[in-house]
Each structure stands twice: as C-alpha cells, then as structure tokens.
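Novice: Please read through the structure below; I'll follow up with questions.
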Amino acid sequence: MTLKLTITGSTGSVGQSALAVVEGANIAGQEPAFEIEALTANTNVSRLASQAITSKARLAVIGDESLYEELKTALAGSNVEAAAGDKAIIEACEKPVDRVLAAIVGIAGLRSTHAALVAGNSVALANKESMVCAGQLLKDAAATSGASIVPTDSEHNAMFQVMERRSDIESLILTASGGPFLDTDLSTLKTVTPEQACAHPQWQMGRKISVDSATFMNKALELIEAAFLFDMPEEQIEVVVHPQSIIHSLVSYIDGSVLAQLGSPDMQTPIAHALSWPGPRVRTTVRRLNLIEIGQLDFRAVDHDRFPAINLARRAVRDGAAAPVVMNAANEVAVDAFLSGRCRFTDINRIVENALQQNFSVQTTPSGALDIDDIIALDEMSRTKCGELIGQGLSQLQGRAS
C-alpha cells in the first residue's frame with residue numbers, strides 16, 4: 001500500500017532526511033511505499049523546486065510570497081503546482097493525506113500542524129515547539145478529528161516504539177548527548193562562538209537546534225514535549241547524559257523492566273518509523289549498529305550548573321500553559337541574538353530564566369489549553385520583551401550569573 005505524504009519544512013535537515021527515506025523505501029519495494037502530495041519551505045526556492053521535481057510532488061509551497069514567481073519559473077515544464085504564503089502552507093496541510101510530516105522549525109510550524117490535525121490528517125511530529133507551546137490544543141484537535149500524533153523526534157519516537165501500557169510505566173528516561181561543551185571549562189563558556197556551538201559531536205543539524213543542543217535547551221523542550229505527548233508528570237521524566245547517542249531513550253516499568261531503543265545517530269530511523277507506523281517498517285540505508293565495535297556505552301548525570309535549561313523546563317511545566325510558550329519564545333530570540341553576535345552563549349539561559357520570572361495572565365479553555373491566537377499573541381509579546389532586553393545590552397537581566 002502506497003502512503004500519501006505532505007512534508008512541511010522539506011528543505012531543512014529533517015525534511016531532507018525524510019525525502020531520503022522516501023526515495024530509499026520506494027526503490028527497495030516492488031511498489032512505491034510513499035508518494036508526495038505537497039512539499040513546503042520558507043525561502044529556499046531552488047532546493048524546494050529540485051525536491052518537488054525529483055519526488056514528483058503534486059504541489060510545492062514557498063512561505064515567502066515574494067518568491068512565488070521564482071518558484072513558478074523553477075517548476076516550469078514540470079507537473080508540480082506552485083503556491084506561496086502562510087495560508088497556502090496551511091491549505092497544503094489540510095489536503096487529505098495519510099501523514100503530514102511537521103518539520104517546520106519553531107513556533108512558525110504551529111498553525112500548519114494544528115490545521116493538519118483539525119482536517120483529520122495524522123501528523124508525524126518533528127516540530128517539538130508546537131507540542132511545547134500548544135500540547136493540549138493539538139491533542140484536543142487530534143481527539144476530535146480522529147487523527148494520530150506520531151512522535152518523530154528521535155527521543156520521543158524511541159519511547160513510542162518501546163511503550164506498552166501507560167498504567168505500567170514508572171518513568172521515562174530521555175538521553176542527551178551532552179553537545180559540544182559537555183567537558184568544557186565553565187569559565188570559558190561565555191566566549192564560545194556560534195561555530196563552536198554548532199559543531200555537534202554526533203548529529204548533523206541546523207544552526208538553531210545545534211545551539212539548543214549545546215545549551216541543553218533542546219533536551220529541556222523535549223522534556224516538556226514528552227510530558228504532553230505521553231501525559232507524564234515532569235517529575236517522572238528523567239534526563240541522562242549519554243555521549244554516544246546510541247540509546248535514544250528508555251521507558252522504565254513498575255516491574256523493574258527498562259526498555260530501550262538503540263540505533264545509529266541518524267534521523268532517518270525515527271522518520272522512517274513515524275511515516276510508516278502502524279504499518280510495516282520500511283528499509284533505510286542507515287548504518288547498522290556494531291555492538292562489538294561500540295564496545296561500551298557511557299552515562300552520567302546532568303550538570304545543572306552547566307546546563308540550567310532542564311530545571312527551567314520543569315519550572316515551566318509546573319507554572320502552567322503559558323510558561324512553555326514564553327520559554328520557547330525567549331529561547332528562539334536568545335539563540336538568534338547569539339548567532340548574530342548580539343549576546344553571549346551564557347546569556348541564552350539567563351534570558352529564558354528572566355522571561356519565566358514574568359507574570360502570565362492568560363485564559364485557558366476548559367481542557368487547560370490556550371487558544372491558538374492567544375498562543376501566537378503571547379509568543380509575540382515575549383519576543384518583543386526579550387528583544388528589548390537584548391537591545392538594552394542585557395542591563396536589566398536578572399537570574400543566573402554568567
């Protein structure tokens with residue numbers, strides 16, 4: 001059976017891995033495993049057009065409306081339809097498919113992810129920020145339409161693969177590689193460069209998520225995502241440093257069993273599972289594990305002085321629906337400022353901590369969810385305040401000293 005897919009954020013690292021999975025699975029099978037309904041991107045016209053033509057997509061959508069004519073020209077002579085703008089991305093996600101891979105980075109992916117679920121399209125969720133900021137809202141939409149939310153981040157997909165009865169689970173264990181600064185002298189962190197922060201020892205990722213890994217904010221957001229995805233109190237979600245990135249996550253059960261999912265550090269594995277579930281798995285070209293070659297697996301506790309983001313995430317979960325939105329927004333602004341040279345690496349978590357010290361006065365729905373417009377408004381307000389703080393040279397910054 002051929003599954004019909006839409007991939008948002010197709011020109012990013014996750015989107016490219018997904019298309020590699022699709023190509024490999026289609027070559028390996030007697031009939032195509034997947035066909036592409038639509039691909040979307042923000043500004044990378046040339047890559048989007050090339051992907052759409054190669055994958056024989058029916059539709060390619062560029063987020064920046066000013067690039068519509070360029071995309072249309074690039075697709076001339078193909079059978080791929082061109083469209084542009086945020087509304088067109090949402091409409092693409094509403095087209096009936098077997099699965100929408102949500103891979104737009106950041107809060108920008110929220111509306112299209114929500115639209116896909118409301119339309120009844122199951123979502124392979126690689127956009128953790130949507131679940132962090134609107135977990136209950138997305139789950140409510142899925143429950144109403146009957147759509148599934150399939151975890152696609154490597155850690156959450158790992159848990160999903162080994163998860164049995166919810167009532168039997170004692171705790172969830174997220175593994176963290178530790179990033180490039182696991183053993184760096186704390187006194188030198190304030191002077192690290194964006195290039196150093198983006199040099200992840202195990203994973204090839206975009207610059208924003210690479211910085212998030214270096215600060216442990218990626219793991220902090222994953223903790224919040226896991227709490228929403230699996231209805232798990234934050235105190236039952238552990239984080240363990242595992243530098244080899246071979247065990248992607250574990251689930252601990254009340255009988256003493258601990259089930260782990262292992263694999264080479266390659267996003268094609270969780271993407272392949274998320275796209276094909278609950279059907280048969282598809283073959284990938286991912287490098288197979290050689291346990292003898294690996295020899296040993298190492299683990300250590302999180303150094304919370306070095307990586308305060310984990311405790312900030314726990315605080316955000318306890319503080320309620322608004323706090324994760326604020327945390328995510330503050331982090332996105334701070335990471336952008338770091339990458340553009342407007343703040344230091346050690347300022348990122350301080351900016352997030354300062355944002356979480358603000359008072360949140362928002363209304364929630366009966367289920368405890370924020371309305372999507374309220375989420376966007378709160379996100380924009382938080383970005384403005386953090387931007388003002390950075391513009392003032394961080395002179396008003398309170399919280400953890402650098």
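Chain labels follow the order of the structure tokens: the first chain is A, the next B, and so on; residue numbering restarts at 1 in every chain, and ligands are counted from 1 in their shown order.
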Mind listing the strand (DSSP E or B) residues of segment 34-72 of chain A, per DSSP on the backbone, as a PyMOL selection string?
Specialist: chain A and resi 34-41+59-62
Novice: Using only C-alpha atoms, which protein or nucleic acid residues come within 8 Å of segment 78-95 of chain A? Drop anything in the same chain fewer than 5 positions from it, and give the result as a ChimeraX atom specification.
Specialist: /A:6,8,38,40,52-53,56-65,67-68,71-72,100,111-113,115-116,119,121
Novice: Would you list the contacts of Val286 of chain A as a ChimeraX atom specification, taking every protein, DNA or RNA residue within 9 Å and counting only C-alpha atoms, but skipping same-chain residues closer than 4 positions in sequence?
Specialist: /A:263-269
Novice: Take the selection from the previous step and output its residues with N, CA and C atoms, as a tab-separated table (two decimals), in the first residue's frame.
Specialist:
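What follows is the written file result-v5.tsv:
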```tsv
chain	number	residue	atom	x	y	z
A	263	GLY	N	20.07	2.66	18.16
A	263	GLY	CA	20.28	2.83	16.74
A	263	GLY	C	21.39	3.82	16.47
A	264	SER	N	21.94	3.80	15.28
A	264	SER	CA	22.93	4.81	14.91
A	264	SER	C	22.31	6.19	14.97
A	265	PRO	N	23.09	7.21	15.31
A	265	PRO	CA	22.55	8.57	15.39
A	265	PRO	C	22.23	9.14	14.00
A	266	ASP	N	21.08	8.77	13.48
A	266	ASP	CA	20.66	9.17	12.14
A	266	ASP	C	19.15	9.36	12.16
A	267	MET	N	18.69	10.55	11.80
A	267	MET	CA	17.26	10.86	11.88
A	267	MET	C	16.42	10.05	10.91
A	268	GLN	N	17.05	9.38	9.94
A	268	GLN	CA	16.25	8.58	9.01
A	268	GLN	C	15.50	7.45	9.72
A	269	THR	N	16.08	6.93	10.81
A	269	THR	CA	15.43	5.82	11.51
A	269	THR	C	14.11	6.24	12.15
```
Novice: Considering only C-alpha atoms, state which residue in the set A:Ala141, A:Ala25, A:Leu221, A:Val239 is at the smallest distance from Gly106 of chain A.
Specialist: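 Of A:Ala141, A:Ala25, A:Leu221, A:Val239, the one nearest Gly106 of chain A is A:Leu221, counting only C-alpha atoms.
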Novice: Check the DSSP output for the backbone and give back, as JSON, numbers by chain, the residues of segment 14-224 of chain A in helix (DSSP H, G or I).
Specialist: {"A": [14, 15, 16, 17, 18, 19, 20, 21, 22, 23, 24, 25, 26, 27, 28, 45, 46, 47, 48, 49, 50, 51, 52, 53, 54, 55, 65, 66, 67, 68, 69, 70, 71, 72, 73, 74, 86, 87, 88, 89, 90, 91, 92, 93, 94, 107, 108, 109, 110, 111, 112, 113, 114, 115, 116, 117, 118, 128, 129, 130, 131, 132, 133, 134, 135, 136, 137, 138, 139, 140, 141, 142, 143, 144, 145, 154, 155, 156, 157, 158, 159, 160, 161, 162, 166, 167, 168, 179, 180, 181, 186, 187, 188, 189, 190, 191, 194, 195, 196, 197, 207, 208, 209, 210, 211, 212, 213, 214, 215, 217, 218, 219, 220, 221, 222, 223, 224]}
Novice: Could the residues in this selection be saved with C-alpha atoms as a short mmCIF file (atom, residue, chain, number, x, y, z; two decimals), in the first residue's frame?
Specialist:
```cif
data_model
loop_
_atom_site.label_atom_id
_atom_site.label_comp_id
_atom_site.auth_asym_id
_atom_site.auth_seq_id
_atom_site.Cartn_x
_atom_site.Cartn_y
_atom_site.Cartn_z
CA VAL A 14 14.64 16.73 8.90
CA GLY A 15 12.83 17.34 5.62
CA GLN A 16 15.87 16.28 3.63
CA SER A 17 16.22 13.12 5.74
CA ALA A 18 12.55 12.36 5.17
CA LEU A 19 12.89 12.62 1.43
CA ALA A 20 15.93 10.32 1.59
CA VAL A 21 13.75 7.81 3.47
CA VAL A 22 11.04 8.14 0.84
CA GLU A 23 13.47 7.67 -2.05
CA GLY A 24 15.15 4.66 -0.45
CA ALA A 25 11.88 2.96 0.50
CA ASN A 26 10.43 3.49 -2.97
CA ILE A 27 13.50 1.97 -4.62
CA ALA A 28 13.55 -1.02 -2.25
CA VAL A 45 13.29 28.15 -3.72
CA SER A 46 15.98 26.24 -5.60
CA ARG A 47 16.08 23.33 -3.17
CA LEU A 48 12.30 23.18 -2.87
CA ALA A 49 11.86 23.11 -6.63
CA SER A 50 14.51 20.42 -7.05
CA GLN A 51 12.94 18.31 -4.31
CA ALA A 52 9.45 18.68 -5.76
CA ILE A 53 10.53 17.70 -9.25
CA THR A 54 12.65 14.76 -8.09
CA SER A 55 9.96 13.40 -5.74
CA GLU A 65 5.09 35.24 -1.08
CA SER A 66 7.64 37.46 -2.82
CA LEU A 67 9.34 34.29 -4.11
CA TYR A 68 6.26 32.88 -5.87
CA GLU A 69 7.31 33.86 -9.39
CA GLU A 70 10.80 32.47 -8.82
CA LEU A 71 9.32 29.17 -7.68
CA LYS A 72 6.88 29.09 -10.58
CA THR A 73 9.73 29.64 -13.02
CA ALA A 74 11.85 26.96 -11.38
CA ASP A 86 1.42 31.08 5.00
CA LYS A 87 -2.19 30.48 4.01
CA ALA A 88 -1.08 28.23 1.17
CA ILE A 89 1.05 26.18 3.58
CA ILE A 90 -1.97 25.71 5.84
CA GLU A 91 -4.13 24.73 2.86
CA ALA A 92 -1.49 22.20 1.79
CA CYS A 93 -1.64 20.63 5.26
CA GLU A 94 -5.42 20.37 5.03
CA ILE A 107 6.60 28.27 16.62
CA ALA A 108 6.26 29.00 12.89
CA GLY A 109 5.10 25.41 12.46
CA LEU A 110 2.20 25.61 14.90
CA ARG A 111 -0.65 26.80 12.68
CA SER A 112 0.05 24.32 9.88
CA THR A 113 0.43 21.44 12.35
CA HIS A 114 -2.86 22.37 14.03
CA ALA A 115 -4.58 22.71 10.64
CA ALA A 116 -3.45 19.23 9.60
CA LEU A 117 -4.88 17.67 12.76
CA VAL A 118 -8.16 19.59 12.54
CA LYS A 128 8.72 19.94 19.10
CA GLU A 129 7.92 23.63 19.63
CA SER A 130 4.32 23.08 18.53
CA MET A 131 3.80 20.48 21.24
CA VAL A 132 5.69 22.56 23.80
CA CYS A 133 3.54 25.62 23.18
CA ALA A 134 0.21 24.00 22.35
CA GLY A 135 0.33 20.43 23.56
CA GLN A 136 -3.20 20.25 24.92
CA LEU A 137 -4.63 22.15 21.96
CA LEU A 138 -3.05 19.75 19.47
CA LYS A 139 -4.16 16.70 21.43
CA ASP A 140 -7.71 18.06 21.60
CA ALA A 141 -7.71 18.63 17.83
CA ALA A 142 -6.46 15.10 17.21
CA ALA A 143 -9.05 13.59 19.55
CA THR A 144 -11.86 15.47 17.80
CA SER A 145 -10.82 14.59 14.25
CA SER A 154 14.48 10.58 17.87
CA GLU A 155 13.98 10.52 21.66
CA HIS A 156 10.18 10.56 21.65
CA ASN A 157 9.97 8.12 18.77
CA ALA A 158 12.26 5.83 20.73
CA MET A 159 9.88 5.93 23.71
CA PHE A 160 6.93 5.42 21.40
CA GLN A 161 8.50 2.30 19.91
CA VAL A 162 9.04 0.60 23.30
CA ARG A 166 0.59 3.60 30.14
CA SER A 167 -0.54 2.32 33.54
CA ASP A 168 2.58 0.12 33.78
CA GLY A 179 26.62 18.51 22.94
CA PRO A 180 30.00 20.11 22.24
CA PHE A 181 30.52 21.61 25.71
CA LEU A 186 32.75 26.61 32.70
CA SER A 187 34.80 29.80 32.80
CA THR A 188 35.29 29.70 29.01
CA LEU A 189 31.64 29.20 28.01
CA LYS A 190 30.96 32.94 27.86
CA THR A 191 33.45 33.28 25.00
CA PRO A 194 28.43 30.22 17.13
CA GLU A 195 30.69 27.97 15.06
CA GLN A 196 31.81 26.13 18.18
CA ALA A 197 28.25 25.82 19.47
CA ARG A 207 22.15 26.00 13.47
CA LYS A 208 19.26 26.77 15.80
CA ILE A 209 18.77 23.21 17.02
CA SER A 210 22.55 22.76 17.27
CA VAL A 211 22.77 25.71 19.67
CA ASP A 212 19.78 24.29 21.58
CA SER A 213 21.71 21.05 21.96
CA ALA A 214 24.77 22.91 23.20
CA THR A 215 22.74 24.71 25.90
CA MET A 217 17.55 23.67 25.73
CA ASN A 218 16.74 21.07 23.10
CA LYS A 219 16.54 18.44 25.85
CA ALA A 220 14.56 20.85 28.05
CA LEU A 221 11.98 21.35 25.31
CA GLU A 222 11.91 17.58 24.75
CA LEU A 223 11.08 17.11 28.44
CA ILE A 224 8.06 19.40 28.04
#
```
Novice: Could you work out how far atom CA of Ile351 of chain A lies from atom CA of Ile237 of chain A, giving the answer in Å with one decimal?
Specialist: 24.5 Å
Novice: Using only C-alpha atoms, which residues sit within 6 Å of segment 324-335 of chain A once same-chain residues fewer than 6 positions away are excluded, as a PyMOL selection string?
Specialist: chain A and resi 133+316+348+352+379+382-383
Novice: May I have the residues from that selection written out with C-alpha atoms, as an mmCIF file, in the first residue's frame?
Specialist:
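Ended up saving to part-v5.cif:
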```
data_model
loop_
_atom_site.group_PDB
_atom_site.id
_atom_site.type_symbol
_atom_site.label_atom_id
_atom_site.label_comp_id
_atom_site.auth_asym_id
_atom_site.auth_seq_id
_atom_site.Cartn_x
_atom_site.Cartn_y
_atom_site.Cartn_z
ATOM 1 C CA CYS A 133 3.544 25.622 23.179
ATOM 2 C CA ALA A 316 7.703 25.892 33.043
ATOM 3 C CA ILE A 348 20.796 32.395 26.420
ATOM 4 C CA VAL A 352 14.965 32.423 29.262
ATOM 5 C CA ASP A 379 4.687 34.353 21.769
ATOM 6 C CA SER A 382 7.513 37.510 24.827
ATOM 7 C CA ARG A 383 9.688 38.011 21.759
#
```
Novice: Give me, as a CSV table (one decimal) with C-alpha atoms, in the first residue's frame, all polymer residues having an atom no more than 7 Å from Ile247 of chain A, counting only C-alpha atoms and skipping those fewer than 3 positions away in the same chain.
Specialist:
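Wrote selection_0.csv, looks like this:
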```
chain,number,residue,atom,x,y,z
A,260,ALA,CA,15.5,1.0,25.4
A,261,GLN,CA,15.6,1.8,21.7
A,262,LEU,CA,19.0,1.7,20.1
A,263,GLY,CA,20.3,2.8,16.7
```
Novice: With a distance cut-off of 12 Å and only C-alpha atoms, select the neighbouring residues of Pro278 of chain A, excluding the residue or stretch itself and same-chain residues fewer than 2 positions from it, and output the selection as a PDB file with C-alpha atoms, in the first residue's frame.
Specialist:
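Result file follows (part-v3.pdb):
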```
ATOM      1  CA  LEU A   3       1.071   6.107   1.635  1.00  0.00           C
ATOM      2  CA  ASP A  98      -2.038   9.546   5.177  1.00  0.00           C
ATOM      3  CA  ARG A  99       0.506  11.604   7.095  1.00  0.00           C
ATOM      4  CA  SER A 122      -2.298  12.222  11.095  1.00  0.00           C
ATOM      5  CA  ALA A 124       4.450  12.823  12.234  1.00  0.00           C
ATOM      6  CA  SER A 148      -2.911  10.433  15.246  1.00  0.00           C
ATOM      7  CA  ILE A 149       0.124  12.321  16.508  1.00  0.00           C
ATOM      8  CA  VAL A 150       3.192  10.153  15.883  1.00  0.00           C
ATOM      9  CA  PHE A 160       6.926   5.425  21.405  1.00  0.00           C
ATOM     10  CA  GLN A 161       8.498   2.295  19.914  1.00  0.00           C
ATOM     11  CA  ALA A 272      11.013   6.050   8.670  1.00  0.00           C
ATOM     12  CA  HIS A 273       9.157   4.615  11.653  1.00  0.00           C
ATOM     13  CA  ALA A 274       6.938   7.687  12.062  1.00  0.00           C
ATOM     14  CA  LEU A 275       5.999   7.777   8.386  1.00  0.00           C
ATOM     15  CA  SER A 276       5.140   4.089   8.108  1.00  0.00           C
ATOM     16  CA  PRO A 280       5.217  -2.443   8.214  1.00  0.00           C
ATOM     17  CA  ARG A 281       8.562  -0.741   8.701  1.00  0.00           C
ATOM     18  CA  VAL A 282      10.410   0.461   5.620  1.00  0.00           C
TER      19      VAL A 282
END
```
Novice: Hey, what's within 10 Å of Leu182 of chain A if we count only C-alpha atoms and toss same-chain stuff fewer than 4 positions away? As a PDB file with C-alpha atoms, in the first residue's frame, please?
Specialist:
```pdb
ATOM      1  CA  SER A 177      24.451  13.569  24.029  1.00  0.00           C
ATOM      2  CA  GLY A 178      25.822  16.470  26.045  1.00  0.00           C
ATOM      3  CA  LEU A 186      32.752  26.613  32.698  1.00  0.00           C
ATOM      4  CA  ALA A 214      24.769  22.913  23.201  1.00  0.00           C
ATOM      5  CA  THR A 215      22.738  24.712  25.901  1.00  0.00           C
ATOM      6  CA  PHE A 216      20.606  21.594  26.655  1.00  0.00           C
ATOM      7  CA  VAL A 241      23.715  12.188  29.558  1.00  0.00           C
ATOM      8  CA  PRO A 243      27.560  10.867  24.844  1.00  0.00           C
ATOM      9  CA  VAL A 302      23.208  16.194  34.106  1.00  0.00           C
ATOM     10  CA  ASP A 303      25.377  19.026  35.457  1.00  0.00           C
ATOM     11  CA  ARG A 306      26.476  23.870  33.361  1.00  0.00           C
ATOM     12  CA  PHE A 307      23.044  23.170  31.846  1.00  0.00           C
TER      13      PHE A 307
END
```
